[in-house]
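Colleague: Please find model_0.pdb (PDB, C-alpha atoms) on the next line:
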```
MODEL        1
ATOM      1  CA  MET A   1     -53.534 -35.348  47.804
ATOM      2  CA  ASN A   2     -55.850 -32.778  46.253
ATOM      3  CA  ARG A   3     -54.047 -31.784  43.108
ATOM      4  CA  TYR A   4     -55.593 -29.059  40.993
ATOM      5  CA  GLY A   5     -55.154 -28.638  37.266
ATOM      6  CA  LEU A   6     -56.096 -26.225  34.524
ATOM      7  CA  PHE A   7     -56.124 -26.430  30.766
ATOM      8  CA  GLY A   8     -57.110 -23.552  28.540
ATOM      9  CA  LYS A   9     -56.425 -21.419  25.520
ATOM     10  CA  LEU A  10     -54.868 -17.988  25.316
ATOM     11  CA  GLN A  11     -55.566 -16.419  21.958
ATOM     12  CA  ALA A  12     -52.904 -13.855  21.095
ATOM     13  CA  HIS A  13     -53.640 -10.867  18.917
ATOM     14  CA  PRO A  14     -52.756 -11.595  15.271
ATOM     15  CA  GLY A  15     -48.990 -12.020  14.892
ATOM     16  CA  GLN A  16     -48.339 -11.960  18.653
ATOM     17  CA  GLY A  17     -48.205 -15.722  19.255
ATOM     18  CA  ASP A  18     -44.395 -15.892  19.335
ATOM     19  CA  ALA A  19     -44.167 -12.968  21.727
ATOM     20  CA  LEU A  20     -46.785 -14.425  24.061
ATOM     21  CA  ALA A  21     -45.202 -17.884  24.033
ATOM     22  CA  GLY A  22     -41.774 -16.411  24.712
ATOM     23  CA  LEU A  23     -43.086 -14.403  27.614
ATOM     24  CA  LEU A  24     -44.792 -17.413  29.179
ATOM     25  CA  LEU A  25     -41.750 -19.640  28.635
ATOM     26  CA  GLY A  26     -39.502 -17.102  30.313
ATOM     27  CA  SER A  27     -41.751 -16.682  33.314
ATOM     28  CA  GLY A  28     -41.377 -18.304  36.738
ATOM     29  CA  GLY A  29     -42.060 -22.003  36.872
ATOM     30  CA  SER A  30     -39.579 -23.404  39.312
ATOM     31  CA  ALA A  31     -40.099 -20.274  41.391
ATOM     32  CA  MET A  32     -43.780 -21.066  41.944
ATOM     33  CA  PRO A  33     -44.351 -23.097  45.131
ATOM     34  CA  GLY A  34     -46.724 -26.001  44.597
ATOM     35  CA  CYS A  35     -46.395 -25.969  40.809
ATOM     36  CA  GLU A  36     -45.803 -29.505  39.514
ATOM     37  CA  LEU A  37     -46.341 -28.935  35.811
ATOM     38  CA  TYR A  38     -46.689 -25.816  33.699
ATOM     39  CA  VAL A  39     -46.488 -26.667  30.016
ATOM     40  CA  ILE A  40     -46.768 -24.151  27.192
ATOM     41  CA  ASN A  41     -48.179 -25.606  23.981
ATOM     42  CA  ARG A  42     -48.411 -24.066  20.529
ATOM     43  CA  SER A  43     -51.035 -25.194  18.042
ATOM     44  CA  PRO A  44     -50.330 -26.891  14.699
ATOM     45  CA  GLU A  45     -53.292 -24.968  13.272
ATOM     46  CA  ASP A  46     -52.960 -21.434  14.609
ATOM     47  CA  PRO A  47     -49.658 -19.672  15.396
ATOM     48  CA  ASP A  48     -51.488 -17.253  17.677
ATOM     49  CA  ALA A  49     -53.135 -19.904  19.869
ATOM     50  CA  ILE A  50     -51.313 -20.893  23.070
ATOM     51  CA  TRP A  51     -52.612 -23.721  25.216
ATOM     52  CA  VAL A  52     -51.435 -24.012  28.811
ATOM     53  CA  TYR A  53     -51.636 -27.162  30.941
ATOM     54  CA  GLU A  54     -50.934 -26.700  34.660
ATOM     55  CA  VAL A  55     -50.793 -29.032  37.654
ATOM     56  CA  TRP A  56     -50.638 -27.689  41.202
ATOM     57  CA  THR A  57     -50.397 -29.505  44.532
ATOM     58  CA  SER A  58     -53.690 -27.862  45.522
ATOM     59  CA  ARG A  59     -56.262 -25.323  44.408
ATOM     60  CA  GLU A  60     -54.901 -23.016  47.108
ATOM     61  CA  ALA A  61     -51.341 -23.248  45.739
ATOM     62  CA  HIS A  62     -52.605 -22.088  42.354
ATOM     63  CA  ALA A  63     -54.579 -19.213  43.873
ATOM     64  CA  ALA A  64     -51.564 -18.145  45.953
ATOM     65  CA  SER A  65     -49.326 -18.090  42.861
ATOM     66  CA  LEU A  66     -51.451 -15.331  41.348
ATOM     67  CA  GLU A  67     -50.347 -13.062  44.174
ATOM     68  CA  LEU A  68     -46.607 -13.575  43.591
ATOM     69  CA  GLU A  69     -44.751 -10.536  42.265
ATOM     70  CA  PRO A  70     -43.121 -12.298  39.240
ATOM     71  CA  VAL A  71     -46.447 -13.865  38.272
ATOM     72  CA  ARG A  72     -48.237 -10.516  38.506
ATOM     73  CA  ASP A  73     -45.484  -8.961  36.387
ATOM     74  CA  THR A  74     -45.881 -11.658  33.724
ATOM     75  CA  ILE A  75     -49.653 -11.262  33.676
ATOM     76  CA  GLN A  76     -49.277  -7.503  33.278
ATOM     77  CA  LEU A  77     -46.876  -7.939  30.348
ATOM     78  CA  ALA A  78     -49.009 -10.656  28.751
ATOM     79  CA  MET A  79     -52.407  -8.965  28.896
ATOM     80  CA  PRO A  80     -51.790  -6.522  25.998
ATOM     81  CA  LEU A  81     -50.807  -9.495  23.784
ATOM     82  CA  ILE A  82     -53.952 -11.502  24.551
ATOM     83  CA  ALA A  83     -57.161 -11.167  22.552
ATOM     84  CA  GLY A  84     -59.110 -13.677  24.617
ATOM     85  CA  PHE A  85     -59.284 -16.723  26.879
ATOM     86  CA  SER A  86     -61.375 -19.805  26.105
ATOM     87  CA  ASP A  87     -61.834 -23.552  26.471
ATOM     88  CA  ARG A  88     -60.881 -23.469  30.149
ATOM     89  CA  VAL A  89     -61.201 -26.827  31.909
ATOM     90  CA  GLU A  90     -60.731 -27.365  35.633
ATOM     91  CA  LEU A  91     -59.065 -30.675  36.410
ATOM     92  CA  LEU A  92     -58.240 -33.063  39.224
ATOM     93  CA  PRO A  93     -54.966 -34.671  38.095
ATOM     94  CA  VAL A  94     -54.748 -38.118  39.650
ATOM     95  CA  GLY A  95     -51.599 -39.694  38.258
ATOM     96  CA  GLY A  96     -49.842 -41.090  35.262
ATOM     97  CA  GLN A  97     -46.389 -40.661  33.827
ATOM     98  CA  GLY A  98     -44.399 -37.497  34.536
ATOM     99  CA  LEU A  99     -46.116 -36.410  37.747
ATOM    100  CA  PRO A 100     -44.249 -36.589  41.063
ATOM    101  CA  ARG A 101     -45.461 -39.682  42.908
ATOM    102  CA  GLU A 102     -46.470 -37.752  46.030
ATOM    103  CA  ALA A 103     -46.285 -34.101  46.956
TER     104      ALA A 103
ATOM    105  CA  MET B   1     -37.358 -31.068  18.719
ATOM    106  CA  ASN B   2     -40.818 -31.741  17.347
ATOM    107  CA  ARG B   3     -42.793 -32.670  20.399
ATOM    108  CA  TYR B   4     -46.380 -33.737  19.905
ATOM    109  CA  GLY B   5     -49.169 -33.397  22.446
ATOM    110  CA  LEU B   6     -52.787 -34.335  22.864
ATOM    111  CA  PHE B   7     -55.514 -33.244  25.227
ATOM    112  CA  GLY B   8     -58.997 -34.674  25.177
ATOM    113  CA  LYS B   9     -61.951 -36.061  27.042
ATOM    114  CA  LEU B  10     -62.997 -39.662  27.504
ATOM    115  CA  GLN B  11     -66.582 -39.838  28.693
ATOM    116  CA  ALA B  12     -67.195 -43.065  30.586
ATOM    117  CA  HIS B  13     -70.590 -44.723  30.659
ATOM    118  CA  PRO B  14     -72.555 -43.653  33.771
ATOM    119  CA  GLY B  15     -70.865 -44.995  36.907
ATOM    120  CA  GLN B  16     -67.786 -46.255  35.042
ATOM    121  CA  GLY B  17     -65.487 -43.279  35.695
ATOM    122  CA  ASP B  18     -63.570 -44.967  38.514
ATOM    123  CA  ALA B  19     -63.067 -48.128  36.497
ATOM    124  CA  LEU B  20     -61.855 -46.222  33.454
ATOM    125  CA  ALA B  21     -59.498 -44.027  35.486
ATOM    126  CA  GLY B  22     -58.087 -47.074  37.263
ATOM    127  CA  LEU B  23     -57.491 -48.858  33.992
ATOM    128  CA  LEU B  24     -55.679 -45.879  32.469
ATOM    129  CA  LEU B  25     -53.613 -45.315  35.626
ATOM    130  CA  GLY B  26     -52.524 -48.932  35.634
ATOM    131  CA  SER B  27     -51.524 -48.938  32.000
ATOM    132  CA  GLY B  28     -48.028 -48.567  30.530
ATOM    133  CA  GLY B  29     -46.495 -45.128  30.811
ATOM    134  CA  SER B  30     -42.852 -45.750  31.520
ATOM    135  CA  ALA B  31     -43.038 -48.650  29.089
ATOM    136  CA  MET B  32     -43.970 -46.352  26.204
ATOM    137  CA  PRO B  33     -40.895 -45.138  24.277
ATOM    138  CA  GLY B  34     -41.015 -41.429  23.556
ATOM    139  CA  CYS B  35     -43.710 -40.683  26.129
ATOM    140  CA  GLU B  36     -42.707 -37.657  28.228
ATOM    141  CA  LEU B  37     -45.998 -36.984  29.996
ATOM    142  CA  TYR B  38     -49.213 -38.956  30.290
ATOM    143  CA  VAL B  39     -51.466 -37.440  32.935
ATOM    144  CA  ILE B  40     -54.902 -38.758  33.867
ATOM    145  CA  ASN B  41     -57.255 -36.068  35.159
ATOM    146  CA  ARG B  42     -60.674 -36.434  36.764
ATOM    147  CA  SER B  43     -63.221 -33.634  36.612
ATOM    148  CA  PRO B  44     -64.579 -31.715  39.624
ATOM    149  CA  GLU B  45     -67.941 -31.603  37.845
ATOM    150  CA  ASP B  46     -68.460 -35.073  36.415
ATOM    151  CA  PRO B  47     -67.173 -38.319  37.960
ATOM    152  CA  ASP B  48     -67.469 -40.036  34.586
ATOM    153  CA  ALA B  49     -65.348 -37.550  32.639
ATOM    154  CA  ILE B  50     -61.643 -38.351  32.256
ATOM    155  CA  TRP B  51     -59.302 -35.843  30.640
ATOM    156  CA  VAL B  52     -55.934 -37.048  29.350
ATOM    157  CA  TYR B  53     -52.940 -34.796  28.637
ATOM    158  CA  GLU B  54     -50.058 -36.428  26.737
ATOM    159  CA  VAL B  55     -46.652 -35.242  25.543
ATOM    160  CA  TRP B  56     -44.562 -37.314  23.134
ATOM    161  CA  THR B  57     -41.107 -36.686  21.686
ATOM    162  CA  SER B  58     -42.691 -36.757  18.216
ATOM    163  CA  ARG B  59     -45.935 -37.419  16.386
ATOM    164  CA  GLU B  60     -44.363 -40.666  15.167
ATOM    165  CA  ALA B  61     -43.620 -41.841  18.728
ATOM    166  CA  HIS B  62     -47.297 -41.407  19.596
ATOM    167  CA  ALA B  63     -48.435 -43.255  16.487
ATOM    168  CA  ALA B  64     -45.984 -46.090  17.195
ATOM    169  CA  SER B  65     -47.288 -46.459  20.767
ATOM    170  CA  LEU B  66     -50.711 -47.406  19.454
ATOM    171  CA  GLU B  67     -49.169 -50.550  17.969
ATOM    172  CA  LEU B  68     -47.621 -51.748  21.251
ATOM    173  CA  GLU B  69     -49.169 -54.872  22.736
ATOM    174  CA  PRO B  70     -49.843 -53.418  26.234
ATOM    175  CA  VAL B  71     -51.365 -50.281  24.745
ATOM    176  CA  ARG B  72     -53.609 -52.313  22.455
ATOM    177  CA  ASP B  73     -54.653 -54.435  25.444
ATOM    178  CA  THR B  74     -55.541 -51.327  27.452
ATOM    179  CA  ILE B  75     -57.541 -49.854  24.573
ATOM    180  CA  GLN B  76     -59.434 -53.122  24.188
ATOM    181  CA  LEU B  77     -60.295 -53.179  27.911
ATOM    182  CA  ALA B  78     -61.199 -49.489  27.966
ATOM    183  CA  MET B  79     -63.485 -49.333  24.931
ATOM    184  CA  PRO B  80     -66.506 -50.997  26.595
ATOM    185  CA  LEU B  81     -66.286 -48.424  29.416
ATOM    186  CA  ILE B  82     -66.247 -45.407  27.086
ATOM    187  CA  ALA B  83     -69.391 -43.674  25.849
ATOM    188  CA  GLY B  84     -67.561 -41.131  23.722
ATOM    189  CA  PHE B  85     -64.508 -39.015  22.930
ATOM    190  CA  SER B  86     -64.593 -35.233  22.603
ATOM    191  CA  ASP B  87     -62.748 -31.928  22.929
ATOM    192  CA  ARG B  88     -59.600 -33.331  21.330
ATOM    193  CA  VAL B  89     -56.848 -30.774  20.816
ATOM    194  CA  GLU B  90     -53.585 -31.444  18.989
ATOM    195  CA  LEU B  91     -50.654 -29.618  20.554
ATOM    196  CA  LEU B  92     -47.039 -28.677  20.001
ATOM    197  CA  PRO B  93     -45.594 -28.601  23.538
ATOM    198  CA  VAL B  94     -42.692 -26.147  23.552
ATOM    199  CA  GLY B  95     -41.512 -25.993  27.146
ATOM    200  CA  GLY B  96     -42.270 -24.908  30.650
ATOM    201  CA  GLN B  97     -41.934 -26.557  34.013
ATOM    202  CA  GLY B  98     -41.968 -30.349  34.281
ATOM    203  CA  LEU B  99     -40.884 -31.232  30.760
ATOM    204  CA  PRO B 100     -37.448 -32.770  30.144
ATOM    205  CA  ARG B 101     -35.178 -30.029  28.801
ATOM    206  CA  GLU B 102     -34.238 -31.958  25.657
ATOM    207  CA  ALA B 103     -35.167 -35.371  24.348
TER     208      ALA B 103
ENDMDL
END
```
Mind turning this structure into structure tokens?
Modeller:
Amino acid sequence: MNRYGLFGKLQAHPGQGDALAGLLLGSGGSAMPGCELYVINRSPEDPDAIWVYEVWTSREAHAASLELEPVRDTIQLAMPLIAGFSDRVELLPVGGQGLPREA
Amino acid sequence: MNRYGLFGKLQAHPGQGDALAGLLLGSGGSAMPGCELYVINRSPEDPDAIWVYEVWTSREAHAASLELEPVRDTIQLAMPLIAGFSDRVELLPVGGQGLPREA
């Protein structure tokens, strides 16, 4: 089991936080093979900051998802709303509550 | 629905990453009321860095968990292994894949 995880911040342009969150919430998810968790988080401090936490069955599954048509469409729609990316952390999720026991 | 989330880093003392991860993996989880996700993540860069991502049904549910006997026991066992806490982010998880639809 070589799970791969990512956590990071998408900073929307001023006033675009709702639009960006809505876009991400409406996008794929269950349609992405190897995706175990994909959680969209708002910030209590900044309505234009969106934090995303993702868990994939492998690093390769995450990389492959970026080639999927719906994911590419979402990225294309999201880019004009995004001022910047930051605080990106690569992770090796090992367990806990809410993860499938084995993939 | 006022979910509450936390992401942050626990830096173990040198060589204590495995022990700290094992302790956190063995602790509660399903026994914690209001806990929707509690994921332990290692780092590909630092064997002594542990990142925890948590989702609770409310800020109050998280606060209440810190008073539970098993949680207090885990904290007491973990503290001597921990050199420091950092990169803490408070979150408002709003949806995505892997979260219960409603709590």
Colleague: Mind pulling up the distance from atom CA of B:Glu54 to atom CA of A:Gln11?
Modeller: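 Computing the Euclidean distance for atom CA of A:Gln11 and atom CA of B:Glu54 yields 21.3 Å.
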Colleague: Please indicate the distance in Å from atom CA of A:Leu10 to atom CA of A:Ala49, rounded to one decimal place.
Modeller: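 Interatomic distance, atom CA of A:Leu10 to atom CA of A:Ala49: 6.0 Å.
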Colleague: Applying 12 Å and all atoms listed in the file, which residues near stretch 92-102 of chain B remain after dropping the ones on its own chain fewer than 6 positions away? List them as a ChimeraX atom specification.
Modeller: /A:18,21-47,49-56,97-100 /B:1-7,34-39,53-59
Colleague: Set the distance at 12 Å and use all atoms listed in the file: which residues neighbour A:Ala83 once local chain neighbours fewer than 3 positions away are removed? I'd like the list as a PyMOL selection string.
Modeller: chain A and resi 9-17+20+48-50+78-80+86
Colleague: To box stretch 39-54 of chain A, take all atoms listed in the file, fit an axis-aligned box, add 5 Å on each side, and give centre and edge lengths in Å to one decimal, as AutoDock Vina command-line options.
Modeller:
```
--center_x -49.9 --center_y -22.2 --center_z 24.0 --size_x 16.8 --size_y 19.9 --size_z 31.4
```
Colleague: Could you work out how far atom CA of B:Phe85 lies from atom CA of B:Val71, giving the answer in Å with one decimal?
Modeller: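 Interatomic distance, atom CA of B:Val71 to atom CA of B:Phe85: 17.4 Å.
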Colleague: Using all atoms listed in the file, can you tell me which of A:Gly8, A:Gly84, A:Ala63, A:Asp73 comes closest to chain B?
Modeller: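 Smallest separation from chain B among the options: A:Gly8.
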